[in-house]
Amino acid sequence: MSEEFKVEIVNPEKSFLVKDDVSEVVVPAFEGEMGILKDHISIISFLKPGIIKILSKSGDENYYVEDGIVEFKNNNLSILTSTIFNLADMDKSKQQDLLKQAEEEANKTDINDQSKYLADQKVEVLKTLN
Amino acid sequence: MASLDDLKKRIASVKSTQKITKAMKMVAAAKLRRAQESAEKGRPYSEKMNNVILNLSNGISDKENSPKLLSGTGQDKTHLCVVMTSDRGLCGGFNSNIIKKAKSYFAKILDEGKELKIITVGSKGNDQLKRVYGDKIIENISFKESKNANYFDADKVGKMVIEKFEAGEFDVCTIFYNQFKNVITQIPQAQQIVPLNNEGEENSSEESYEFEPDEDEILSNLLPKNISTQIFKAMLENSASEQGSRMSAMDNATRNAGEMVDKLTIEYNRSRQAAITKELIEIISGAESL
């Protein structure tokens, strides 16, 4: 029991997921993937498009996110994100839709470097899913 | 006294109005439940966001160079007001309350000789404001097509605000909306979102965070999101308030219509009786004179 902590994912519409038997969470932080275990130091970071892996007793779960912020404090991990999908619920056509959107975005010429980088990331992650 | 026929018609028309208001009340009640639910569900996000920003701004090392969205431009000349109203009428004092609040604020700004710019969200607010402040309205947004308040709409408004801020078009931004308290009480609110003021919300925890990347970079990414989040929160509160306000307004209207039908029915019966009595008198006195 001692190796578990609580994770909460919220999006603007609702509290997306609350779990309190999590042993490890891997988040796609802005400067690379970051694994969080119990008693991690308090940290705030933000996310780039990628996969959140939640490992817990009741099974592993994977979520696709496009952006967000993570805050870890007192063994509470909060993830705020505006776009999140459970990979288990995501079928091929949904993936294709997202990929198409992301590719369109990445091919735009009038965007700045940062949004270009983010769009490229999206494409990359979505391609690996397929 | 109105003729019997007229009274009959009026009763029928009031009754059909009553039917409409009753139906609207039911619809509003159903929508209210959903809107209230999503307003409550949306609260954790904006609260958490607020917390994170609070922690960040406490931890920031160089206050002088903190992002402008947090500390302001250092000036107080141009005020941008985002007035959020509904797209539909027949919801009691909902829109007028926001407008009243906004107008008193506008008057204050103009009295102080500051410049005023207005963005209206929702067509009802635009209708009411354009007569007096028509030349101040720089943008009018309406989400008639979207059924429920959603984050993408809020994000659109948020991006617009940020764009204007970066172009140096205003120094202070305030949003106006109705906060949902319960079905009969909605409180018009004026909330300043740029620069962010966290007055009275001293963070007690002295815990230090590790930041990755550094504070400034996170903050400058987070603050624009926070604006969209605050606007989204306002939209959710607003839509719950709108339905609540409509429900109580329609409830009143239904009751008033009921009273009116009762009164008209009494009047109708009286005049019918009077007509019968009159006819009887005529017949009797006619018979007597023979």
# chains A, B, ... in the order shown; residues from 1 in each chain; ligands from 1

call {"tool": "residues_around", "arguments": {"residues": "stretch 11-14 of chain B", "least_positions_apart": "6", "cutoff": "8 Å", "atoms": "only C-alpha atoms", "output": "compact mmCIF listing (two decimals) with N, CA and C atoms, in the first residue's frame"}}
result
# COMPACT_ATOMS: atom_id res chain seq x y z
N ALA B 257 -50.48 34.44 -15.48
CA ALA B 257 -51.46 34.12 -16.50
C ALA B 257 -52.65 33.40 -15.87
N MET B 260 -54.83 35.84 -14.17
CA MET B 260 -55.54 36.64 -15.16
C MET B 260 -56.73 35.86 -15.72
N VAL B 261 -56.53 34.57 -15.97
CA VAL B 261 -57.63 33.74 -16.49
C VAL B 261 -58.77 33.70 -15.47
N LEU B 264 -60.61 37.03 -15.53
CA LEU B 264 -61.39 37.19 -16.75
C LEU B 264 -62.61 36.26 -16.75
N THR B 265 -62.44 35.07 -16.20
CA THR B 265 -63.57 34.13 -16.17
C THR B 265 -64.69 34.68 -15.30

call {"tool": "interface_residues", "arguments": {"of": "chain B", "to": "chain A", "cutoff": "6 Å", "atoms": "only C-alpha atoms", "output": "list in words"}}
result
Lys41, Gly42, Tyr45, Tyr209, Glu210, Phe211 and Glu212 of chain B

call {"tool": "closest_residue", "arguments": {"among": "A:Leu77, A:Ile52, A:Val18, A:Val65", "to": "A:Leu118", "atoms": "only C-alpha atoms"}}
result
A:Val65

call {"tool": "residues_around", "arguments": {"residues": "A:Lys6", "least_positions_apart": "6", "cutoff": "6 Å", "atoms": "only C-alpha atoms", "output": "PyMOL selection string"}}
result
chain A and resi 19-20+76

call {"tool": "atom_distance", "arguments": {"atom1": "atom CA of B:Asp262", "atom2": "atom CA of B:Lys8"}}
result
12.3 Å

call {"tool": "select_by_dssp", "arguments": {"residues": "chain A", "states": "alpha helix (DSSP H)", "output": "MDAnalysis selection string"}}
result
chainID A and resid 92:106 113:129

call {"tool": "write_last_selection", "arguments": {"atoms": "C-alpha atoms", "output": "PDB file, in the first residue's frame"}}
result
ATOM      1  CA  LYS A  92      -8.746   3.754 -35.790  1.00  0.00           C
ATOM      2  CA  SER A  93     -11.017   6.297 -37.437  1.00  0.00           C
ATOM      3  CA  LYS A  94     -10.730   8.666 -34.483  1.00  0.00           C
ATOM      4  CA  GLN A  95      -6.966   8.375 -34.644  1.00  0.00           C
ATOM      5  CA  GLN A  96      -7.014   9.069 -38.337  1.00  0.00           C
ATOM      6  CA  ASP A  97      -9.151  12.154 -37.792  1.00  0.00           C
ATOM      7  CA  LEU A  98      -6.798  13.529 -35.182  1.00  0.00           C
ATOM      8  CA  LEU A  99      -3.790  12.724 -37.322  1.00  0.00           C
ATOM      9  CA  LYS A 100      -5.308  14.513 -40.272  1.00  0.00           C
ATOM     10  CA  GLN A 101      -6.042  17.583 -38.186  1.00  0.00           C
ATOM     11  CA  ALA A 102      -2.550  17.599 -36.757  1.00  0.00           C
ATOM     12  CA  GLU A 103      -0.969  17.197 -40.168  1.00  0.00           C
ATOM     13  CA  GLU A 104      -2.981  20.077 -41.537  1.00  0.00           C
ATOM     14  CA  GLU A 105      -1.842  22.184 -38.649  1.00  0.00           C
ATOM     15  CA  ALA A 106       1.779  21.159 -39.097  1.00  0.00           C
ATOM     16  CA  ASP A 113       7.978  27.877 -34.310  1.00  0.00           C
ATOM     17  CA  GLN A 114       6.477  26.723 -31.066  1.00  0.00           C
ATOM     18  CA  SER A 115       3.087  25.792 -32.436  1.00  0.00           C
ATOM     19  CA  LYS A 116       4.839  24.185 -35.388  1.00  0.00           C
ATOM     20  CA  TYR A 117       6.877  22.104 -32.995  1.00  0.00           C
ATOM     21  CA  LEU A 118       3.782  21.089 -31.065  1.00  0.00           C
ATOM     22  CA  ALA A 119       1.932  20.132 -34.210  1.00  0.00           C
ATOM     23  CA  ASP A 120       4.878  18.049 -35.370  1.00  0.00           C
ATOM     24  CA  GLN A 121       4.890  16.302 -32.022  1.00  0.00           C
ATOM     25  CA  LYS A 122       1.215  15.504 -32.395  1.00  0.00           C
ATOM     26  CA  VAL A 123       1.774  13.971 -35.798  1.00  0.00           C
ATOM     27  CA  GLU A 124       4.655  11.917 -34.514  1.00  0.00           C
ATOM     28  CA  VAL A 125       2.777  10.545 -31.529  1.00  0.00           C
ATOM     29  CA  LEU A 126      -0.324   9.771 -33.529  1.00  0.00           C
ATOM     30  CA  LYS A 127       1.695   7.968 -36.166  1.00  0.00           C
ATOM     31  CA  THR A 128       3.269   5.703 -33.609  1.00  0.00           C
ATOM     32  CA  LEU A 129      -0.188   4.743 -32.417  1.00  0.00           C
TER      33      LEU A 129
END

call {"tool": "residues_around", "arguments": {"residues": "A:Glu4", "least_positions_apart": "2", "cutoff": "9 Å", "atoms": "only C-alpha atoms", "output": "PDB file with C-alpha atoms, in the first residue's frame"}}
result
ATOM      1  CA  MET A   1       0.000   0.000   0.000  1.00  0.00           C
ATOM      2  CA  SER A   2       2.790   2.341   0.816  1.00  0.00           C
ATOM      3  CA  LYS A   6      -3.338   9.575  -5.945  1.00  0.00           C
ATOM      4  CA  ASP A  20      -5.835   6.512  -5.665  1.00  0.00           C
ATOM      5  CA  ASP A  21      -4.047   3.228  -6.147  1.00  0.00           C
ATOM      6  CA  VAL A  22      -1.480   4.350  -8.652  1.00  0.00           C
ATOM      7  CA  SER A  23       2.081   3.123  -8.445  1.00  0.00           C
ATOM      8  CA  GLU A  24       3.625   5.029 -11.323  1.00  0.00           C
ATOM      9  CA  LEU A  37       6.699   7.607  -8.315  1.00  0.00           C
ATOM     10  CA  LYS A  38       5.538   8.081  -4.790  1.00  0.00           C
ATOM     11  CA  SER A  56      -1.831   0.793 -10.988  1.00  0.00           C
ATOM     12  CA  ASN A  75       1.642  12.584  -3.202  1.00  0.00           C
TER      13      ASN A  75
END

call {"tool": "residues_around", "arguments": {"residues": "stretch 154-160 of chain B", "least_positions_apart": "5", "cutoff": "6 Å", "atoms": "only C-alpha atoms", "output": "ChimeraX atom specification"}}
result
/B:227-228,231-232

call {"tool": "atom_distance", "arguments": {"atom1": "atom CA of B:Pro67", "atom2": "atom CA of B:Asn221"}}
result
9.8 Å

call {"tool": "atom_distance", "arguments": {"atom1": "atom CA of B:Leu290", "atom2": "atom CA of B:Ile276"}}
result
21.8 Å

call {"tool": "residues_around", "arguments": {"residues": "stretch 86-90 of chain B", "least_positions_apart": "6", "cutoff": "7 Å", "atoms": "only C-alpha atoms", "output": "list in words"}}
result
Gly122, Ser123, Lys124, Lys144 and Arg246 of chain B

call {"tool": "write_last_selection", "arguments": {"atoms": "C-alpha atoms", "output": "PDB file, in the first residue's frame"}}
result
ATOM      1  CA  GLY B 122     -24.003  37.044 -26.742  1.00  0.00           C
ATOM      2  CA  SER B 123     -26.369  39.049 -28.879  1.00  0.00           C
ATOM      3  CA  LYS B 124     -28.645  40.346 -26.106  1.00  0.00           C
ATOM      4  CA  LYS B 144     -25.847  30.858 -31.265  1.00  0.00           C
ATOM      5  CA  ARG B 246     -35.595  31.867 -17.225  1.00  0.00           C
TER       6      ARG B 246
END
